[in-house]
Amino acid sequence: MAVGTFLLVTAEQLPIGLLSPVGSELRISEGTAGLMMTGASIVAALAAPAVPLVIGRLDRRVLLVVLMGLMTAANAISAVAPNFAILLASRVLVGIAIGGFWAVAAGLAVRLVTDKAVSKATALIFGGVGAANVLGVPLGTALGGFAGWRLAFVALSILALVVCLVLVAVLPPLVATQPVGPRQLADQLRNPGARAGILATFLLVTGHFAAYTFVGPILQQLAGIDAAFVGPLLLGFGAAGIVGNFLAGATLGRALHRTVLGIAAGLTVLVLLYPLLGHGPIGAVILLIGWGLIFGGVSVSLQTWMITAAPNAVEAASALWVAVFNLAIGLGALAGGAVVNAVSLQAVLIFAGVLLALATLAVWSGRGALASVPETED
């Protein structure tokens with residue numbers, strides 16, 4: 001499951017590093033090529049609640065295998081696309097696979113391990129997110145640069161096929177005990193804990209991607225770091241994120257609310273410090289690694305929040321959460337671009353910091369909704 005999430009995040013974010021070569025070969029602007037990421041994120045946001053609604057009681061093992069097969073085919077189509085229209089259509093298929101797989105996988109830890117191990121298992125599954133930031137996107141981008149962008153999609157397709165076969169071999173049957181319906185999804189919006197988690201997710205992820213989408217220009221123009229060092233620094237960001245993922249997973253079982261609050265507050269402080277302390281290489285690098293370390297705990301922490309807030313509707317809550325998460329990725333990048341174009345890179349950091357501060361407030365206000373959950377040693 002961790003390798004599956006690794007491929008999902010890699011597939012979703014890979015176009016960030018391939019905009020120039022794709023645009024050059026297909027004779028489109030880099031802005032138009034950016035629709036590869038935006039389109040996939042929006043489709044994933046729609047697919048996350050739609051797929052569980054459509055499949056009913058279908059064995060989740062079968063669903064995950066089918067969706068990973070779709071990921072295999074979609075990236076193969078991307079690799080041979082003769083024009084941008086077909087490439088964009090293949091990204092729609094990628095979005096369906098991302099939204100459906102993630103929505104179901106996010107809540108499977110509770111069915112694959114004992115109750116005491118759920119936090120750690122969820123951290124392992126979401127470790128794939130940090131691994132994608134460390135290895136997936138940078139290596140895919142490097143492969144695309146050296147051997148052509150099409151080969152990057154070929155590699156992703158082959159890896160997805162391998163994961164598909166392994167899922168067939170190792171996953172147990174996972175028949176749904178309570179299929180997701182419109183009522184279960186709507187109930188999550190009436191659940192105070194789930195509602196607070198969804199709001200915090202939207203604000204936090206939007207704020208992060210409003211700034212992180214432009215981390216390359218920020219490092220180069222604001223901190224004066226040479227372009228050749230941006231890739232290695234992003235590897236450092238991702239490596240710190242993996243550490244942060246497992247550090248958060250280790251504390252969630254005994255201090256869920258405090259962990260999420262600390263993550264939101266920490267991100268707020270770091271991003272708002274960037275315009276002040278990020279004008280030199282040393283300050284920028286320290287802030288970047290700290291940013292990666294703290295953001296690494298976001299996915300596992302917020303997913304655990306949703307599981308805790310809706311223990312009897314894990315799949316419905318997860319589907320809604322994944323939809324909001326992916327929508328926030330696309331909206332964050334879009335809003336950040338608008339701020340950069342209209343004002344400056346420093347302004348987008350302040351804009352992101354404000355959104356993260358609002359996320360911190362949303363997490364703090366949701367403390368009462370999780371008050372019934374004991375924060376004790378597991």
# chains A, B, ... in the order shown; residues from 1 in each chain; ligands from 1

call {"tool": "residues_around", "arguments": {"residues": "Ser24 in chain A", "least_positions_apart": "5", "cutoff": "12 Å", "atoms": "only C-alpha atoms", "output": "NGL selection string"}}
result
:A and (18-19 or 29-33 or 83-84 or 148-149)

call {"tool": "write_last_selection", "arguments": {"atoms": "N, CA and C atoms", "output": "PDB file, in the first residue's frame"}}
result
ATOM      1  N   LEU A  18       8.344  18.336 -15.733  1.00  0.00           N
ATOM      2  CA  LEU A  18       8.390  18.020 -17.164  1.00  0.00           C
ATOM      3  C   LEU A  18       7.678  19.052 -18.030  1.00  0.00           C
ATOM      4  N   LEU A  19       7.295  20.174 -17.443  1.00  0.00           N
ATOM      5  CA  LEU A  19       6.509  21.154 -18.194  1.00  0.00           C
ATOM      6  C   LEU A  19       7.261  21.665 -19.422  1.00  0.00           C
ATOM      7  N   SER A  29       2.374  26.123 -24.508  1.00  0.00           N
ATOM      8  CA  SER A  29       3.050  26.911 -23.484  1.00  0.00           C
ATOM      9  C   SER A  29       3.195  26.086 -22.209  1.00  0.00           C
ATOM     10  N   GLU A  30       4.118  26.511 -21.352  1.00  0.00           N
ATOM     11  CA  GLU A  30       4.289  25.820 -20.071  1.00  0.00           C
ATOM     12  C   GLU A  30       3.040  25.968 -19.214  1.00  0.00           C
ATOM     13  N   GLY A  31       2.360  27.112 -19.340  1.00  0.00           N
ATOM     14  CA  GLY A  31       1.115  27.302 -18.602  1.00  0.00           C
ATOM     15  C   GLY A  31       0.060  26.293 -19.015  1.00  0.00           C
ATOM     16  N   THR A  32      -0.043  26.054 -20.324  1.00  0.00           N
ATOM     17  CA  THR A  32      -0.994  25.050 -20.810  1.00  0.00           C
ATOM     18  C   THR A  32      -0.572  23.661 -20.367  1.00  0.00           C
ATOM     19  N   ALA A  33       0.725  23.368 -20.428  1.00  0.00           N
ATOM     20  CA  ALA A  33       1.218  22.060 -19.994  1.00  0.00           C
ATOM     21  C   ALA A  33       0.907  21.814 -18.522  1.00  0.00           C
ATOM     22  N   ASN A  83      -0.414  13.979 -29.182  1.00  0.00           N
ATOM     23  CA  ASN A  83      -0.758  15.392 -29.039  1.00  0.00           C
ATOM     24  C   ASN A  83      -1.211  15.661 -27.611  1.00  0.00           C
ATOM     25  N   PHE A  84      -1.402  16.945 -27.295  1.00  0.00           N
ATOM     26  CA  PHE A  84      -1.714  17.312 -25.919  1.00  0.00           C
ATOM     27  C   PHE A  84      -3.109  16.868 -25.507  1.00  0.00           C
ATOM     28  N   GLY A 148      14.296  11.868 -22.024  1.00  0.00           N
ATOM     29  CA  GLY A 148      13.040  12.291 -22.632  1.00  0.00           C
ATOM     30  C   GLY A 148      11.879  12.081 -21.684  1.00  0.00           C
ATOM     31  N   TRP A 149      10.907  13.001 -21.738  1.00  0.00           N
ATOM     32  CA  TRP A 149       9.789  12.949 -20.804  1.00  0.00           C
ATOM     33  C   TRP A 149       8.925  11.707 -20.993  1.00  0.00           C
TER      34      TRP A 149
END

call {"tool": "residues_around", "arguments": {"residues": "Ile198 in chain A", "least_positions_apart": "3", "cutoff": "8 Å", "atoms": "only C-alpha atoms", "output": "NGL selection string"}}
result
:A and (194-195 or 201-202 or 320-321 or 324)

call {"tool": "write_last_selection", "arguments": {"atoms": "N, CA, C and O atoms", "output": "short mmCIF file (atom, residue, chain, number, x, y, z; two decimals), in the first residue's frame"}}
result
data_model
loop_
_atom_site.label_atom_id
_atom_site.label_comp_id
_atom_site.auth_asym_id
_atom_site.auth_seq_id
_atom_site.Cartn_x
_atom_site.Cartn_y
_atom_site.Cartn_z
N ALA A 194 -15.11 15.55 12.13
CA ALA A 194 -14.78 15.39 10.71
C ALA A 194 -14.81 16.74 10.00
O ALA A 194 -13.96 17.03 9.15
N ARG A 195 -15.77 17.57 10.34
CA ARG A 195 -15.88 18.90 9.72
C ARG A 195 -14.64 19.74 10.01
O ARG A 195 -14.10 20.42 9.13
N THR A 201 -7.72 20.54 6.75
CA THR A 201 -7.04 19.97 5.59
C THR A 201 -7.06 20.94 4.42
O THR A 201 -6.03 21.18 3.77
N PHE A 202 -8.22 21.51 4.13
CA PHE A 202 -8.34 22.42 3.00
C PHE A 202 -7.41 23.62 3.16
O PHE A 202 -6.67 23.98 2.23
N LEU A 320 -14.09 11.62 1.56
CA LEU A 320 -14.31 13.07 1.58
C LEU A 320 -13.01 13.81 1.83
O LEU A 320 -12.72 14.84 1.21
N TRP A 321 -12.19 13.27 2.72
CA TRP A 321 -10.91 13.90 3.05
C TRP A 321 -9.97 13.91 1.84
O TRP A 321 -9.34 14.92 1.53
N VAL A 324 -11.04 16.57 -0.67
CA VAL A 324 -10.65 17.91 -0.25
C VAL A 324 -9.14 18.10 -0.39
O VAL A 324 -8.66 19.16 -0.84
#

call {"tool": "residues_around", "arguments": {"residues": "Ile289 in chain A", "least_positions_apart": "2", "cutoff": "9 Å", "atoms": "only C-alpha atoms", "output": "list in words"}}
result
Leu233, Leu234, Gly236, Phe237, Gly238, Ala239, Ala240, Gly241, Ala284, Val285, Ile286, Leu287, Trp291, Gly292, Leu293 and Ile294 of chain A

call {"tool": "closest_residue", "arguments": {"among": "A:Gly216, A:Pro192, A:Gly95, A:Gly290", "to": "Thr308 in chain A", "atoms": "only C-alpha atoms"}}
result
A:Pro192

call {"tool": "closest_residue", "arguments": {"among": "A:Gly336, A:Pro311, A:Gly278, A:Gly127", "to": "Ala248 in chain A", "atoms": "only C-alpha atoms"}}
result
A:Gly127

call {"tool": "closest_residue", "arguments": {"among": "A:Leu124, A:Ala40, A:Val314, A:Ala196", "to": "Val92 in chain A", "atoms": "only C-alpha atoms"}}
result
A:Ala40

call {"tool": "closest_residue", "arguments": {"among": "A:Phe6, A:Phe214, A:Tyr274, A:Phe246", "to": "Ile98 in chain A", "atoms": "only C-alpha atoms"}}
result
A:Phe6

call {"tool": "closest_residue", "arguments": {"among": "A:Gly4, A:Pro232, A:Gly353, A:Gly330", "to": "Val162 in chain A", "atoms": "only C-alpha atoms"}}
result
A:Gly4

call {"tool": "atom_distance", "arguments": {"atom1": "CA of Val168 in chain A", "atom2": "CA of Val65 in chain A"}}
result
6.7 Å

call {"tool": "select_by_dssp", "arguments": {"residues": "range 104-241 of chain A", "states": "alpha helix (DSSP H)", "output": "ChimeraX atom specification"}}
result
/A:104-105,109-112,118-131,137-147,149-170,182-190,192-212,215-217,230-241

call {"tool": "residues_around", "arguments": {"residues": "Pro173 in chain A", "least_positions_apart": "3", "cutoff": "9 Å", "atoms": "only C-alpha atoms", "output": "PyMOL selection string"}}
result
chain A and resi 59-62

call {"tool": "write_last_selection", "arguments": {"atoms": "all heavy atoms", "output": "PDB file, in the first residue's frame"}}
result
ATOM      1  N   ASP A  59     -15.386  -5.954  -3.401  1.00  0.00           N
ATOM      2  CA  ASP A  59     -14.169  -6.269  -2.662  1.00  0.00           C
ATOM      3  C   ASP A  59     -13.126  -5.181  -2.934  1.00  0.00           C
ATOM      4  O   ASP A  59     -12.760  -4.916  -4.084  1.00  0.00           O
ATOM      5  CB  ASP A  59     -13.639  -7.630  -3.130  1.00  0.00           C
ATOM      6  CG  ASP A  59     -12.505  -8.154  -2.259  1.00  0.00           C
ATOM      7  OD1 ASP A  59     -11.707  -7.335  -1.765  1.00  0.00           O
ATOM      8  OD2 ASP A  59     -12.411  -9.385  -2.088  1.00  0.00           O
ATOM      9  N   ARG A  60     -12.644  -4.537  -1.857  1.00  0.00           N
ATOM     10  CA  ARG A  60     -11.680  -3.441  -2.014  1.00  0.00           C
ATOM     11  C   ARG A  60     -10.369  -3.941  -2.619  1.00  0.00           C
ATOM     12  O   ARG A  60      -9.653  -3.177  -3.261  1.00  0.00           O
ATOM     13  CB  ARG A  60     -11.419  -2.765  -0.684  1.00  0.00           C
ATOM     14  CG  ARG A  60     -12.372  -1.646  -0.302  1.00  0.00           C
ATOM     15  CD  ARG A  60     -13.789  -1.864  -0.705  1.00  0.00           C
ATOM     16  NE  ARG A  60     -14.661  -0.741  -0.355  1.00  0.00           N
ATOM     17  CZ  ARG A  60     -15.899  -0.617  -0.783  1.00  0.00           C
ATOM     18  NH1 ARG A  60     -16.416  -1.531  -1.604  1.00  0.00           N
ATOM     19  NH2 ARG A  60     -16.638   0.408  -0.440  1.00  0.00           N
ATOM     20  N   ARG A  61     -10.048  -5.192  -2.420  1.00  0.00           N
ATOM     21  CA  ARG A  61      -8.857  -5.748  -3.053  1.00  0.00           C
ATOM     22  C   ARG A  61      -8.998  -5.702  -4.571  1.00  0.00           C
ATOM     23  O   ARG A  61      -8.069  -5.283  -5.285  1.00  0.00           O
ATOM     24  CB  ARG A  61      -8.656  -7.185  -2.585  1.00  0.00           C
ATOM     25  CG  ARG A  61      -7.497  -7.897  -3.243  1.00  0.00           C
ATOM     26  CD  ARG A  61      -7.567  -9.395  -2.958  1.00  0.00           C
ATOM     27  NE  ARG A  61      -6.446 -10.098  -3.547  1.00  0.00           N
ATOM     28  CZ  ARG A  61      -6.424 -11.409  -3.702  1.00  0.00           C
ATOM     29  NH1 ARG A  61      -7.447 -12.146  -3.314  1.00  0.00           N
ATOM     30  NH2 ARG A  61      -5.389 -12.000  -4.244  1.00  0.00           N
ATOM     31  N   VAL A  62     -10.148  -6.094  -5.079  1.00  0.00           N
ATOM     32  CA  VAL A  62     -10.396  -6.056  -6.521  1.00  0.00           C
ATOM     33  C   VAL A  62     -10.330  -4.626  -7.029  1.00  0.00           C
ATOM     34  O   VAL A  62      -9.726  -4.337  -8.078  1.00  0.00           O
ATOM     35  CB  VAL A  62     -11.769  -6.679  -6.850  1.00  0.00           C
ATOM     36  CG1 VAL A  62     -12.109  -6.500  -8.327  1.00  0.00           C
ATOM     37  CG2 VAL A  62     -11.790  -8.148  -6.464  1.00  0.00           C
TER      38      VAL A  62
END

call {"tool": "closest_residue", "arguments": {"among": "A:Ala186, A:Ala73, A:Val300, A:Cys164", "to": "Ala121 in chain A", "atoms": "only C-alpha atoms"}}
result
A:Val300

call {"tool": "residues_around", "arguments": {"residues": "Phe209 in chain A", "least_positions_apart": "6", "cutoff": "6 Å", "atoms": "only C-alpha atoms", "output": "list in words"}}
result
Ile329, Gly332 and Ala333 of chain A

call {"tool": "write_last_selection", "arguments": {"atoms": "N, CA, C and O atoms", "output": "compact mmCIF listing (two decimals), in the first residue's frame"}}
result
# COMPACT_ATOMS: atom_id res chain seq x y z
N ILE A 329 -4.76 20.84 -3.41
CA ILE A 329 -3.50 20.87 -4.16
C ILE A 329 -3.65 21.74 -5.40
O ILE A 329 -2.84 22.64 -5.66
N GLY A 332 -4.43 25.43 -4.44
CA GLY A 332 -3.25 26.08 -3.86
C GLY A 332 -2.29 26.53 -4.94
O GLY A 332 -1.80 27.67 -4.92
N ALA A 333 -1.99 25.63 -5.89
CA ALA A 333 -1.09 26.00 -6.98
C ALA A 333 -1.67 27.14 -7.81
O ALA A 333 -0.95 28.07 -8.21

call {"tool": "residues_around", "arguments": {"residues": "Ala11 in chain A", "least_positions_apart": "3", "cutoff": "8 Å", "atoms": "only C-alpha atoms", "output": "number ranges by chain"}}
result
A: 7-8, 14-15, 94, 156

call {"tool": "atom_distance", "arguments": {"atom1": "CA of Ala85 in chain A", "atom2": "CA of Val43 in chain A"}}
result
15.7 Å

call {"tool": "atom_distance", "arguments": {"atom1": "CA of Val363 in chain A", "atom2": "CA of Gly193 in chain A"}}
result
9.7 Å

call {"tool": "decode", "arguments": {"residues": "range 45-88 of chain A", "atoms": "N, CA and C atoms", "output": "PDB file, in the first residue's frame"}}
result
ATOM      1  N   ALA A  45     -10.048  14.740  -7.044  1.00  0.00           N
ATOM      2  CA  ALA A  45     -10.953  15.269  -6.017  1.00  0.00           C
ATOM      3  C   ALA A  45     -12.384  14.806  -6.260  1.00  0.00           C
ATOM      4  N   LEU A  46     -12.787  14.723  -7.516  1.00  0.00           N
ATOM      5  CA  LEU A  46     -14.136  14.257  -7.847  1.00  0.00           C
ATOM      6  C   LEU A  46     -14.253  12.741  -7.702  1.00  0.00           C
ATOM      7  N   ALA A  47     -13.178  12.027  -8.054  1.00  0.00           N
ATOM      8  CA  ALA A  47     -13.225  10.568  -8.019  1.00  0.00           C
ATOM      9  C   ALA A  47     -13.212  10.022  -6.601  1.00  0.00           C
ATOM     10  N   ALA A  48     -12.572  10.733  -5.675  1.00  0.00           N
ATOM     11  CA  ALA A  48     -12.440  10.221  -4.312  1.00  0.00           C
ATOM     12  C   ALA A  48     -13.782   9.874  -3.673  1.00  0.00           C
ATOM     13  N   PRO A  49     -14.803  10.750  -3.726  1.00  0.00           N
ATOM     14  CA  PRO A  49     -16.094  10.343  -3.190  1.00  0.00           C
ATOM     15  C   PRO A  49     -16.927   9.542  -4.177  1.00  0.00           C
ATOM     16  N   ALA A  50     -16.706   9.740  -5.481  1.00  0.00           N
ATOM     17  CA  ALA A  50     -17.545   9.082  -6.481  1.00  0.00           C
ATOM     18  C   ALA A  50     -17.278   7.583  -6.570  1.00  0.00           C
ATOM     19  N   VAL A  51     -16.008   7.192  -6.528  1.00  0.00           N
ATOM     20  CA  VAL A  51     -15.675   5.774  -6.679  1.00  0.00           C
ATOM     21  C   VAL A  51     -16.284   4.918  -5.565  1.00  0.00           C
ATOM     22  N   PRO A  52     -16.134   5.287  -4.273  1.00  0.00           N
ATOM     23  CA  PRO A  52     -16.784   4.482  -3.232  1.00  0.00           C
ATOM     24  C   PRO A  52     -18.309   4.436  -3.368  1.00  0.00           C
ATOM     25  N   LEU A  53     -18.900   5.516  -3.868  1.00  0.00           N
ATOM     26  CA  LEU A  53     -20.348   5.518  -4.077  1.00  0.00           C
ATOM     27  C   LEU A  53     -20.757   4.511  -5.138  1.00  0.00           C
ATOM     28  N   VAL A  54     -19.982   4.417  -6.204  1.00  0.00           N
ATOM     29  CA  VAL A  54     -20.343   3.575  -7.350  1.00  0.00           C
ATOM     30  C   VAL A  54     -20.105   2.097  -7.068  1.00  0.00           C
ATOM     31  N   ILE A  55     -19.052   1.776  -6.333  1.00  0.00           N
ATOM     32  CA  ILE A  55     -18.648   0.367  -6.211  1.00  0.00           C
ATOM     33  C   ILE A  55     -19.449  -0.415  -5.178  1.00  0.00           C
ATOM     34  N   GLY A  56     -20.137   0.274  -4.270  1.00  0.00           N
ATOM     35  CA  GLY A  56     -20.949  -0.432  -3.276  1.00  0.00           C
ATOM     36  C   GLY A  56     -20.142  -1.374  -2.418  1.00  0.00           C
ATOM     37  N   ARG A  57     -20.511  -2.665  -2.424  1.00  0.00           N
ATOM     38  CA  ARG A  57     -19.841  -3.652  -1.579  1.00  0.00           C
ATOM     39  C   ARG A  57     -18.718  -4.399  -2.287  1.00  0.00           C
ATOM     40  N   LEU A  58     -18.296  -3.934  -3.434  1.00  0.00           N
ATOM     41  CA  LEU A  58     -17.224  -4.595  -4.168  1.00  0.00           C
ATOM     42  C   LEU A  58     -15.998  -4.790  -3.284  1.00  0.00           C
ATOM     43  N   ASP A  59     -15.386  -5.954  -3.401  1.00  0.00           N
ATOM     44  CA  ASP A  59     -14.169  -6.269  -2.662  1.00  0.00           C
ATOM     45  C   ASP A  59     -13.126  -5.181  -2.934  1.00  0.00           C
ATOM     46  N   ARG A  60     -12.644  -4.537  -1.857  1.00  0.00           N
ATOM     47  CA  ARG A  60     -11.680  -3.441  -2.014  1.00  0.00           C
ATOM     48  C   ARG A  60     -10.369  -3.941  -2.619  1.00  0.00           C
ATOM     49  N   ARG A  61     -10.048  -5.192  -2.420  1.00  0.00           N
ATOM     50  CA  ARG A  61      -8.857  -5.748  -3.053  1.00  0.00           C
ATOM     51  C   ARG A  61      -8.998  -5.702  -4.571  1.00  0.00           C
ATOM     52  N   VAL A  62     -10.148  -6.094  -5.079  1.00  0.00           N
ATOM     53  CA  VAL A  62     -10.396  -6.056  -6.521  1.00  0.00           C
ATOM     54  C   VAL A  62     -10.330  -4.626  -7.029  1.00  0.00           C
ATOM     55  N   LEU A  63     -10.940  -3.703  -6.279  1.00  0.00           N
ATOM     56  CA  LEU A  63     -10.948  -2.308  -6.694  1.00  0.00           C
ATOM     57  C   LEU A  63      -9.526  -1.749  -6.796  1.00  0.00           C
ATOM     58  N   LEU A  64      -8.709  -1.996  -5.777  1.00  0.00           N
ATOM     59  CA  LEU A  64      -7.353  -1.463  -5.788  1.00  0.00           C
ATOM     60  C   LEU A  64      -6.540  -2.025  -6.939  1.00  0.00           C
ATOM     61  N   VAL A  65      -6.734  -3.285  -7.239  1.00  0.00           N
ATOM     62  CA  VAL A  65      -6.029  -3.901  -8.366  1.00  0.00           C
ATOM     63  C   VAL A  65      -6.472  -3.266  -9.685  1.00  0.00           C
ATOM     64  N   VAL A  66      -7.777  -3.063  -9.842  1.00  0.00           N
ATOM     65  CA  VAL A  66      -8.299  -2.454 -11.072  1.00  0.00           C
ATOM     66  C   VAL A  66      -7.766  -1.026 -11.231  1.00  0.00           C
ATOM     67  N   LEU A  67      -7.760  -0.266 -10.142  1.00  0.00           N
ATOM     68  CA  LEU A  67      -7.303   1.119 -10.217  1.00  0.00           C
ATOM     69  C   LEU A  67      -5.802   1.198 -10.505  1.00  0.00           C
ATOM     70  N   MET A  68      -5.027   0.275  -9.941  1.00  0.00           N
ATOM     71  CA  MET A  68      -3.598   0.272 -10.257  1.00  0.00           C
ATOM     72  C   MET A  68      -3.384  -0.162 -11.702  1.00  0.00           C
ATOM     73  N   GLY A  69      -4.249  -1.034 -12.211  1.00  0.00           N
ATOM     74  CA  GLY A  69      -4.193  -1.378 -13.628  1.00  0.00           C
ATOM     75  C   GLY A  69      -4.516  -0.175 -14.497  1.00  0.00           C
ATOM     76  N   LEU A  70      -5.486   0.634 -14.051  1.00  0.00           N
ATOM     77  CA  LEU A  70      -5.813   1.863 -14.779  1.00  0.00           C
ATOM     78  C   LEU A  70      -4.637   2.824 -14.768  1.00  0.00           C
ATOM     79  N   MET A  71      -3.941   2.916 -13.629  1.00  0.00           N
ATOM     80  CA  MET A  71      -2.745   3.753 -13.552  1.00  0.00           C
ATOM     81  C   MET A  71      -1.684   3.277 -14.536  1.00  0.00           C
ATOM     82  N   THR A  72      -1.532   1.960 -14.664  1.00  0.00           N
ATOM     83  CA  THR A  72      -0.581   1.390 -15.621  1.00  0.00           C
ATOM     84  C   THR A  72      -0.914   1.810 -17.039  1.00  0.00           C
ATOM     85  N   ALA A  73      -2.182   1.647 -17.411  1.00  0.00           N
ATOM     86  CA  ALA A  73      -2.606   1.985 -18.772  1.00  0.00           C
ATOM     87  C   ALA A  73      -2.522   3.481 -19.035  1.00  0.00           C
ATOM     88  N   ALA A  74      -2.914   4.291 -18.058  1.00  0.00           N
ATOM     89  CA  ALA A  74      -2.942   5.742 -18.242  1.00  0.00           C
ATOM     90  C   ALA A  74      -1.546   6.287 -18.512  1.00  0.00           C
ATOM     91  N   ASN A  75      -0.555   5.819 -17.759  1.00  0.00           N
ATOM     92  CA  ASN A  75       0.799   6.317 -17.960  1.00  0.00           C
ATOM     93  C   ASN A  75       1.409   5.786 -19.254  1.00  0.00           C
ATOM     94  N   ALA A  76       0.982   4.594 -19.673  1.00  0.00           N
ATOM     95  CA  ALA A  76       1.425   4.089 -20.977  1.00  0.00           C
ATOM     96  C   ALA A  76       0.882   4.975 -22.098  1.00  0.00           C
ATOM     97  N   ILE A  77      -0.379   5.400 -21.970  1.00  0.00           N
ATOM     98  CA  ILE A  77      -0.975   6.304 -22.961  1.00  0.00           C
ATOM     99  C   ILE A  77      -0.243   7.644 -22.955  1.00  0.00           C
ATOM    100  N   SER A  78       0.077   8.150 -21.752  1.00  0.00           N
ATOM    101  CA  SER A  78       0.825   9.406 -21.657  1.00  0.00           C
ATOM    102  C   SER A  78       2.151   9.309 -22.408  1.00  0.00           C
ATOM    103  N   ALA A  79       2.800   8.146 -22.309  1.00  0.00           N
ATOM    104  CA  ALA A  79       4.114   7.974 -22.910  1.00  0.00           C
ATOM    105  C   ALA A  79       4.077   8.011 -24.430  1.00  0.00           C
ATOM    106  N   VAL A  80       2.948   7.606 -25.033  1.00  0.00           N
ATOM    107  CA  VAL A  80       2.879   7.540 -26.501  1.00  0.00           C
ATOM    108  C   VAL A  80       1.940   8.586 -27.084  1.00  0.00           C
ATOM    109  N   ALA A  81       1.420   9.493 -26.241  1.00  0.00           N
ATOM    110  CA  ALA A  81       0.437  10.481 -26.712  1.00  0.00           C
ATOM    111  C   ALA A  81       1.006  11.306 -27.866  1.00  0.00           C
ATOM    112  N   PRO A  82       0.304  11.347 -29.017  1.00  0.00           N
ATOM    113  CA  PRO A  82       0.806  12.112 -30.169  1.00  0.00           C
ATOM    114  C   PRO A  82       0.516  13.608 -30.074  1.00  0.00           C
ATOM    115  N   ASN A  83      -0.414  13.979 -29.182  1.00  0.00           N
ATOM    116  CA  ASN A  83      -0.758  15.392 -29.039  1.00  0.00           C
ATOM    117  C   ASN A  83      -1.211  15.661 -27.611  1.00  0.00           C
ATOM    118  N   PHE A  84      -1.402  16.945 -27.295  1.00  0.00           N
ATOM    119  CA  PHE A  84      -1.714  17.312 -25.919  1.00  0.00           C
ATOM    120  C   PHE A  84      -3.109  16.868 -25.507  1.00  0.00           C
ATOM    121  N   ALA A  85      -4.042  16.815 -26.446  1.00  0.00           N
ATOM    122  CA  ALA A  85      -5.405  16.398 -26.107  1.00  0.00           C
ATOM    123  C   ALA A  85      -5.421  14.977 -25.552  1.00  0.00           C
ATOM    124  N   ILE A  86      -4.693  14.074 -26.203  1.00  0.00           N
ATOM    125  CA  ILE A  86      -4.637  12.688 -25.722  1.00  0.00           C
ATOM    126  C   ILE A  86      -3.856  12.608 -24.420  1.00  0.00           C
ATOM    127  N   LEU A  87      -2.793  13.396 -24.320  1.00  0.00           N
ATOM    128  CA  LEU A  87      -2.029  13.427 -23.074  1.00  0.00           C
ATOM    129  C   LEU A  87      -2.911  13.884 -21.919  1.00  0.00           C
ATOM    130  N   LEU A  88      -3.706  14.924 -22.143  1.00  0.00           N
ATOM    131  CA  LEU A  88      -4.590  15.423 -21.098  1.00  0.00           C
ATOM    132  C   LEU A  88      -5.663  14.394 -20.749  1.00  0.00           C
TER     133      LEU A  88
END
